[in-house]
>>> print(open('run_5.txt').read())   # compact mmCIF, C-alpha atoms
# COMPACT_ATOMS: atom_id res chain seq x y z
CA MET A 25 -7.91 1.16 -22.34
CA PRO A 26 -8.16 -0.43 -18.91
CA THR A 27 -9.33 -4.02 -18.79
CA ARG A 28 -12.18 -4.99 -16.46
CA ILE A 29 -12.27 -8.58 -15.27
CA ARG A 30 -14.83 -10.00 -12.89
CA GLY A 31 -12.93 -12.11 -10.36
CA ALA A 32 -10.27 -14.60 -11.34
CA ALA A 33 -9.68 -15.98 -14.79
CA ALA A 34 -9.35 -19.60 -13.77
CA ARG A 35 -9.57 -22.12 -10.97
CA VAL A 36 -7.68 -25.31 -10.37
CA SER A 37 -9.30 -28.54 -9.18
CA HIS A 38 -7.30 -30.70 -6.78
CA PRO A 39 -7.71 -34.29 -5.61
CA MET A 40 -9.12 -34.94 -2.16
CA THR A 41 -5.81 -34.68 -0.36
CA PRO A 42 -5.78 -33.82 3.36
CA ARG A 43 -5.57 -30.02 3.62
CA ARG A 44 -2.38 -29.69 5.66
CA THR A 45 -0.56 -32.29 3.55
CA LEU A 46 -1.55 -30.52 0.37
CA LEU A 47 -0.58 -27.09 1.63
CA THR A 48 2.71 -28.22 3.13
CA GLY A 49 3.58 -29.94 -0.11
CA SER A 50 2.81 -26.84 -2.13
CA LEU A 51 4.78 -24.52 0.15
CA ALA A 52 8.10 -24.94 -1.62
CA GLY A 53 6.48 -24.48 -5.01
CA SER A 54 4.71 -21.35 -3.84
CA ALA A 55 7.93 -19.96 -2.45
CA LEU A 56 9.63 -20.54 -5.79
CA ALA A 57 6.78 -18.75 -7.50
CA LEU A 58 7.19 -15.70 -5.32
CA ALA A 59 10.96 -15.79 -5.74
CA GLY A 60 10.54 -15.47 -9.50
CA CYS A 61 10.88 -19.10 -10.61
CA SER A 62 7.32 -19.03 -12.06
CA PRO A 63 4.64 -16.36 -12.53
CA ALA A 64 2.98 -17.17 -9.21
CA ARG A 65 0.59 -19.54 -10.95
CA VAL A 66 0.31 -21.70 -7.86
CA LEU A 67 -1.04 -18.93 -5.67
CA ASN A 68 -3.02 -17.03 -8.26
CA ALA A 69 -4.81 -20.19 -9.37
CA TRP A 70 -6.69 -20.26 -6.07
CA LEU A 71 -8.43 -16.90 -6.54
CA PRO A 72 -12.22 -16.93 -6.21
CA ASP A 73 -14.43 -15.27 -8.78
CA ASP A 74 -16.79 -13.36 -6.53
CA SER A 75 -14.66 -11.28 -4.14
CA HIS A 76 -13.46 -8.49 -6.39
CA GLU A 77 -13.57 -6.73 -9.71
CA LEU A 78 -10.20 -6.32 -11.41
CA ILE A 79 -9.69 -3.10 -13.33
CA ALA A 80 -6.35 -3.72 -15.00
CA ASP A 81 -3.60 -1.80 -16.73
CA LEU A 82 -4.29 1.75 -15.62
CA PRO A 83 -1.45 4.21 -16.39
CA TYR A 84 -0.14 6.57 -13.75
CA GLY A 85 2.73 7.76 -15.96
CA GLY A 86 4.05 7.54 -19.48
CA ASP A 87 6.47 4.61 -19.16
CA PRO A 88 5.18 1.05 -19.81
CA ARG A 89 6.23 0.14 -16.26
CA GLN A 90 4.16 2.98 -14.77
CA ARG A 91 0.89 1.07 -14.62
CA LEU A 92 -1.27 -0.43 -11.92
CA ASP A 93 -4.23 -2.74 -11.35
CA VAL A 94 -7.20 -1.96 -9.14
CA TYR A 95 -8.94 -4.66 -7.08
CA ARG A 96 -12.35 -3.31 -6.18
CA PRO A 97 -14.30 -5.20 -3.48
CA THR A 98 -17.63 -6.61 -4.55
CA ALA A 99 -18.92 -6.01 -1.03
CA PRO A 100 -21.28 -3.05 -0.67
CA VAL A 101 -19.50 0.29 -0.52
CA PRO A 102 -19.65 1.82 3.00
CA ALA A 103 -21.05 5.31 3.35
CA ALA A 104 -17.55 6.83 3.56
CA GLY A 105 -16.04 4.41 1.03
CA HIS A 106 -13.69 1.45 1.33
CA PRO A 107 -10.27 1.92 2.91
CA VAL A 108 -7.60 2.03 0.21
CA ALA A 109 -4.21 0.29 0.02
CA LEU A 110 -1.45 0.72 -2.55
CA PHE A 111 0.67 -2.46 -2.55
CA LEU A 112 4.31 -2.37 -3.72
CA TYR A 113 6.02 -5.73 -4.28
CA GLY A 114 9.62 -6.69 -3.67
CA GLY A 115 12.32 -8.13 -5.89
CA SER A 116 15.56 -6.31 -4.98
CA TRP A 117 14.46 -3.36 -7.16
CA ASN A 118 15.48 -5.36 -10.24
CA SER A 119 12.57 -7.77 -10.76
CA GLY A 120 8.84 -8.12 -10.20
CA ALA A 121 5.51 -7.72 -11.96
CA ARG A 122 2.14 -6.68 -10.62
CA ARG A 123 0.37 -9.63 -12.27
CA ASP A 124 2.29 -12.00 -9.97
CA TYR A 125 0.64 -10.42 -6.93
CA ARG A 126 -2.98 -10.85 -7.89
CA PHE A 127 -3.38 -13.01 -4.78
CA VAL A 128 -2.49 -9.99 -2.61
CA GLY A 129 -4.95 -7.72 -4.38
CA GLU A 130 -7.72 -10.30 -4.15
CA ALA A 131 -7.00 -11.06 -0.49
CA LEU A 132 -7.26 -7.44 0.57
CA ALA A 133 -10.28 -6.78 -1.64
CA SER A 134 -12.03 -9.80 -0.12
CA ARG A 135 -11.72 -8.02 3.25
CA GLY A 136 -13.30 -4.83 1.92
CA ILE A 137 -10.07 -2.94 1.13
CA LEU A 138 -9.86 -1.23 -2.26
CA THR A 139 -6.40 -2.31 -3.41
CA LEU A 140 -4.02 -1.05 -6.08
CA VAL A 141 -1.00 -3.13 -7.10
CA ALA A 142 1.55 -1.07 -9.00
CA ASP A 143 4.50 -1.76 -11.22
CA TYR A 144 7.43 0.65 -11.05
CA ARG A 145 10.61 1.02 -13.04
CA LEU A 146 13.43 -1.32 -12.07
CA TYR A 147 17.21 -1.56 -12.36
CA PRO A 148 18.95 -1.34 -14.84
CA GLN A 149 16.37 0.93 -16.46
CA VAL A 150 16.60 3.17 -13.39
CA SER A 151 18.38 3.28 -10.05
CA TYR A 152 17.82 5.02 -6.72
CA PRO A 153 15.86 7.26 -6.36
CA ASP A 154 13.88 7.04 -9.61
CA PHE A 155 11.73 4.10 -8.52
CA LEU A 156 10.64 6.13 -5.49
CA HIS A 157 9.35 8.85 -7.78
CA ASP A 158 7.32 6.18 -9.58
CA CYS A 159 5.86 4.91 -6.31
CA ALA A 160 5.01 8.47 -5.29
CA HIS A 161 3.12 8.99 -8.54
CA ALA A 162 1.28 5.69 -8.06
CA LEU A 163 0.28 6.79 -4.57
CA ALA A 164 -0.89 10.15 -5.88
CA HIS A 165 -3.03 8.23 -8.37
CA ALA A 166 -4.52 6.18 -5.53
CA LEU A 167 -5.35 9.34 -3.59
CA GLY A 168 -6.77 11.12 -6.60
CA GLU A 169 -8.86 8.22 -7.88
CA ALA A 170 -10.03 6.73 -4.58
CA ARG A 171 -13.59 8.02 -4.78
CA ARG A 172 -13.96 6.96 -8.40
CA PHE A 173 -13.56 3.32 -7.35
CA GLY A 174 -15.54 3.53 -4.13
CA GLY A 175 -12.63 4.30 -1.83
CA ASP A 176 -12.28 6.72 1.05
CA PRO A 177 -9.46 9.23 0.36
CA ARG A 178 -9.19 9.87 4.11
CA ARG A 179 -8.16 6.23 4.70
CA VAL A 180 -5.36 5.58 2.21
CA PHE A 181 -2.46 3.32 3.16
CA VAL A 182 0.79 2.50 1.38
CA MET A 183 2.14 -0.99 1.96
CA GLY A 184 4.81 -3.28 0.63
CA HIS A 185 6.85 -6.43 1.06
CA SER A 186 10.66 -6.61 1.05
CA ALA A 187 11.98 -3.97 -1.40
CA GLY A 188 8.39 -2.79 -1.71
CA ALA A 189 8.29 -2.28 2.05
CA TYR A 190 11.36 -0.08 1.70
CA ASN A 191 9.54 1.95 -0.95
CA ALA A 192 6.48 2.25 1.28
CA ALA A 193 8.61 3.30 4.25
CA MET A 194 10.31 6.04 2.27
CA LEU A 195 6.99 7.46 1.06
CA ALA A 196 5.53 7.32 4.57
CA LEU A 197 8.51 8.61 6.56
CA ASP A 198 10.42 10.90 4.20
CA ALA A 199 8.33 13.80 2.88
CA ARG A 200 10.71 14.47 -0.04
CA TRP A 201 8.99 12.03 -2.39
CA LEU A 202 5.40 13.23 -2.11
CA ALA A 203 6.18 16.94 -1.75
CA PRO A 204 6.71 17.59 -5.50
CA LEU A 205 3.17 16.28 -6.05
CA GLY A 206 1.68 18.63 -3.49
CA LEU A 207 1.22 15.83 -0.96
CA ASP A 208 2.43 15.19 2.56
CA PRO A 209 2.30 11.78 4.30
CA ARG A 210 1.05 13.30 7.56
CA ARG A 211 -1.83 15.04 5.84
CA HIS A 212 -2.71 12.57 3.11
CA LEU A 213 -1.95 9.07 4.44
CA ALA A 214 -3.79 7.27 7.22
CA GLY A 215 -0.93 4.82 7.77
CA TRP A 216 1.57 2.46 6.20
CA VAL A 217 2.43 -1.26 6.29
CA GLY A 218 5.91 -2.74 5.96
CA LEU A 219 6.45 -6.50 5.68
CA ALA A 220 9.99 -7.92 5.89
CA GLY A 221 11.42 -4.61 4.77
CA PRO A 222 15.06 -3.51 4.56
CA TYR A 223 15.19 -0.20 6.41
CA ASP A 224 18.87 -0.01 7.37
CA PHE A 225 21.13 -1.88 4.95
CA ILE A 226 24.30 0.14 4.36
CA PRO A 227 26.91 -1.24 3.80
CA ILE A 228 25.18 -3.25 1.09
CA VAL A 229 26.34 -6.86 0.92
CA ASN A 230 23.99 -8.13 -1.80
CA PRO A 231 25.82 -7.77 -5.15
CA ASP A 232 22.51 -7.49 -7.01
CA VAL A 233 21.45 -4.52 -4.90
CA ARG A 234 24.76 -2.64 -4.86
CA PRO A 235 24.43 -1.01 -8.30
CA VAL A 236 20.84 0.00 -7.55
CA PHE A 237 22.14 2.28 -4.79
CA HIS A 238 25.34 3.41 -6.57
CA HIS A 239 27.84 1.31 -4.61
CA PRO A 240 30.37 2.23 -3.29
CA ASN A 241 28.81 5.70 -3.07
CA GLU A 242 25.51 4.75 -1.45
CA PRO A 243 23.69 7.92 -0.37
CA VAL A 244 23.22 7.96 3.38
CA ASP A 245 19.84 9.65 2.99
CA SER A 246 18.52 6.53 1.22
CA GLN A 247 17.85 4.65 4.48
CA PRO A 248 14.36 4.74 6.06
CA ILE A 249 15.83 4.38 9.56
CA ARG A 250 17.22 7.90 9.12
CA TYR A 251 13.66 9.30 9.23
CA ALA A 252 12.36 7.35 12.23
CA ASP A 253 13.31 9.87 14.90
CA ARG A 254 10.35 12.12 14.21
CA ALA A 255 6.67 11.44 14.87
CA ALA A 256 5.17 9.72 11.84
CA ILE A 257 1.87 8.29 10.66
CA PRO A 258 0.55 5.05 12.23
CA SER A 259 2.83 2.19 11.26
CA PHE A 260 2.41 -1.58 10.93
CA LEU A 261 5.64 -3.58 10.85
CA GLY A 262 5.67 -7.33 10.33
CA ALA A 263 8.54 -9.75 9.90
CA ALA A 264 9.40 -13.43 9.98
CA THR A 265 11.48 -14.28 13.02
CA SER A 266 13.62 -16.62 10.90
CA ASP A 267 14.07 -14.28 7.92
CA LYS A 268 17.38 -15.22 6.27
CA LEU A 269 17.38 -12.48 3.63
CA VAL A 270 16.61 -9.31 5.60
CA ASP A 271 17.78 -9.25 9.23
CA PRO A 272 14.53 -8.71 11.16
CA GLN A 273 16.24 -7.37 14.29
CA ARG A 274 18.38 -4.80 12.53
CA ASN A 275 15.55 -3.70 10.28
CA THR A 276 12.04 -4.30 11.63
CA ALA A 277 12.78 -4.30 15.35
CA GLN A 278 15.12 -1.32 15.20
CA LEU A 279 12.72 0.74 13.07
CA ALA A 280 9.82 -0.06 15.40
CA GLN A 281 11.84 1.02 18.44
CA ARG A 282 12.95 4.28 16.85
CA LEU A 283 9.43 5.11 15.70
CA GLN A 284 7.95 4.35 19.11
CA ARG A 285 10.54 6.53 20.85
CA ALA A 286 9.53 9.38 18.55
CA GLY A 287 5.89 9.00 19.58
CA THR A 288 4.63 7.12 16.53
CA ALA A 289 1.87 4.55 17.00
CA VAL A 290 3.42 1.24 15.90
CA THR A 291 1.81 -2.17 15.51
CA LEU A 292 4.58 -4.80 15.53
CA ARG A 293 3.94 -8.42 14.57
CA TRP A 294 6.37 -11.36 14.49
CA TYR A 295 5.60 -14.53 12.51
CA GLU A 296 7.37 -17.69 13.62
CA ARG A 297 6.36 -20.08 10.83
CA ALA A 298 6.92 -17.70 7.93
CA SER A 299 10.07 -17.04 5.92
CA HIS A 300 10.98 -13.88 4.06
CA VAL A 301 9.12 -15.15 0.98
CA THR A 302 6.15 -16.88 2.56
CA LEU A 303 5.31 -13.83 4.65
CA ALA A 304 3.94 -12.38 1.41
CA GLY A 305 2.69 -15.78 0.26
CA ALA A 306 0.55 -16.00 3.40
CA PHE A 307 -1.92 -13.57 1.82
CA ALA A 308 -2.91 -16.40 -0.53
CA ARG A 309 -5.68 -18.75 0.54
CA PRO A 310 -3.61 -21.97 0.47
CA LEU A 311 -0.85 -20.47 2.64
CA ARG A 312 -2.79 -18.52 5.26
CA TRP A 313 -1.98 -21.14 7.88
CA VAL A 314 1.66 -19.99 7.67
CA ALA A 315 0.96 -16.58 9.25
CA PRO A 316 -2.15 -14.50 10.03
CA VAL A 317 -0.68 -11.56 8.16
CA LEU A 318 -3.89 -10.84 6.23
CA ASP A 319 -5.94 -10.78 9.43
CA ASP A 320 -3.41 -8.51 11.11
CA VAL A 321 -3.15 -6.07 8.20
CA GLU A 322 -6.93 -5.96 7.85
CA ALA A 323 -7.30 -5.17 11.56
CA PHE A 324 -4.69 -2.41 11.35
CA VAL A 325 -6.29 -0.80 8.31
CA LYS A 326 -9.80 -0.96 9.66
CA THR A 327 -9.00 0.31 13.16
CA THR A 328 -6.66 3.14 12.14
CA PRO A 329 -8.60 6.42 12.24
CA ALA A 330 -9.23 8.38 9.08
CA ILE A 331 -7.16 11.51 8.65
>>> encode(input="run_5.txt", output="structure tokens")
Amino acid sequence: MPTRIRGAAARVSHPMTPRRTLLTGSLAGSALALAGCSPARVLNAWLPDDSHELIADLPYGGDPRQRLDVYRPTAPVPAAGHPVALFLYGGSWNSGARRDYRFVGEALASRGILTLVADYRLYPQVSYPDFLHDCAHALAHALGEARRFGGDPRRVFVMGHSAGAYNAAMLALDARWLAPLGLDPRRHLAGWVGLAGPYDFIPIVNPDVRPVFHHPNEPVDSQPIRYADRAAIPSFLGAATSDKLVDPQRNTAQLAQRLQRAGTAVTLRWYERASHVTLAGAFARPLRWVAPVLDDVEAFVKTTPAI
């Protein structure tokens, strides 16, 4: 049975330290949390208890990893319903858990966006393209259940960070993944959001990622950049200018240019103070000074027309 939780489970009290000193000091710890060195306790501890209702552990498939959490805004439901976002986290397709990204779900819900955060199967349980099928099923669940939770099925977005941004890009740009479910991104998605995503990464240099994509026989049709030369749904691309893990020029800048040339509406944002990790961390209240990514994503979602 799904679990319903009103707001956050706990808060943390802190001494009266100057705000910037406190946040700067916690930055490294928060980055470690997002990188997998702790279960994101630092960021999730700051969640308020009045911005959202958490409806946890909903299945969208039969595998234990095929589950998601819903963050329903406590703000009044608009006449047409809240815009909806499915968030897919990163982790090189071999790590990650939806519970670590409660701060993302809460942040978006606090801005009136009905948010789903989904787990998906990871390597070595699966490899490319199985995790994309999982993400497609999670997105179909978001589309099918939007009204039930007060969402507007005409304003559904798929978004992700890092490997999750890759997943989001593939669902948004390559119709193969939604087609078996009777869905088409141009007819069923209002837009998509990619943050620090790898969109063109063959040859693969990361040894942890190589087996995920069957190195040395990486399929050429696995790269989102391959699908950028056709008009697509409205796109938001954000990246840290100093990203050391995913080359922002080869990936974000190149994808934006290709999409724009094809006639796609693209919102491109660069963040100078963020890193690959803290670009996602900036959704959390204590790290929002790092980059206005929440403000920018909110503006994109709320100004993109319904389908």
>>> atom_distance(input="run_5.txt", atom1="CA of Asp74 in chain A", atom2="CA of Val94 in chain A")
15.1 Å
>>> residues_around(input="run_5.txt", residues="range 243-252 of chain A", least_positions_apart="3", cutoff="8 Å", atoms="all atoms listed in the file", output="NGL selection string")
:A and (190 or 193-194 or 197-198 or 223-226 or 237-238 or 255-256 or 279 or 282-283 or 286)
>>> write_last_selection(input="run_5.txt", atoms="C-alpha atoms", output="mmCIF file, keeping the file's coordinate frame")
data_model
loop_
_atom_site.group_PDB
_atom_site.id
_atom_site.type_symbol
_atom_site.label_atom_id
_atom_site.label_comp_id
_atom_site.auth_asym_id
_atom_site.auth_seq_id
_atom_site.Cartn_x
_atom_site.Cartn_y
_atom_site.Cartn_z
ATOM 1 C CA TYR A 190 11.360 -0.080 1.700
ATOM 2 C CA ALA A 193 8.610 3.300 4.250
ATOM 3 C CA MET A 194 10.310 6.040 2.270
ATOM 4 C CA LEU A 197 8.510 8.610 6.560
ATOM 5 C CA ASP A 198 10.420 10.900 4.200
ATOM 6 C CA TYR A 223 15.190 -0.200 6.410
ATOM 7 C CA ASP A 224 18.870 -0.010 7.370
ATOM 8 C CA PHE A 225 21.130 -1.880 4.950
ATOM 9 C CA ILE A 226 24.300 0.140 4.360
ATOM 10 C CA PHE A 237 22.140 2.280 -4.790
ATOM 11 C CA HIS A 238 25.340 3.410 -6.570
ATOM 12 C CA ALA A 255 6.670 11.440 14.870
ATOM 13 C CA ALA A 256 5.170 9.720 11.840
ATOM 14 C CA LEU A 279 12.720 0.740 13.070
ATOM 15 C CA ARG A 282 12.950 4.280 16.850
ATOM 16 C CA LEU A 283 9.430 5.110 15.700
ATOM 17 C CA ALA A 286 9.530 9.380 18.550
#
>>> closest_residue(input="run_5.txt", among="A:Ala220, A:Ala69, A:Ala196, A:Leu318", to="Ser299 in chain A", atoms="all atoms listed in the file")
A:Ala220
>>> atom_distance(input="run_5.txt", atom1="CA of Ile79 in chain A", atom2="CA of Gly129 in chain A")
11.1 Å
>>> residues_near_point(input="run_5.txt", point="(-0.4, 0.6, -0.2)", cutoff="8 Å", atoms="all atoms listed in the file", output="ChimeraX atom specification")
/A:108-112,139-141,163,180-184,192,216-217
>>> atom_distance(input="run_5.txt", atom1="CA of Pro100 in chain A", atom2="CA of Ala323 in chain A")
18.7 Å
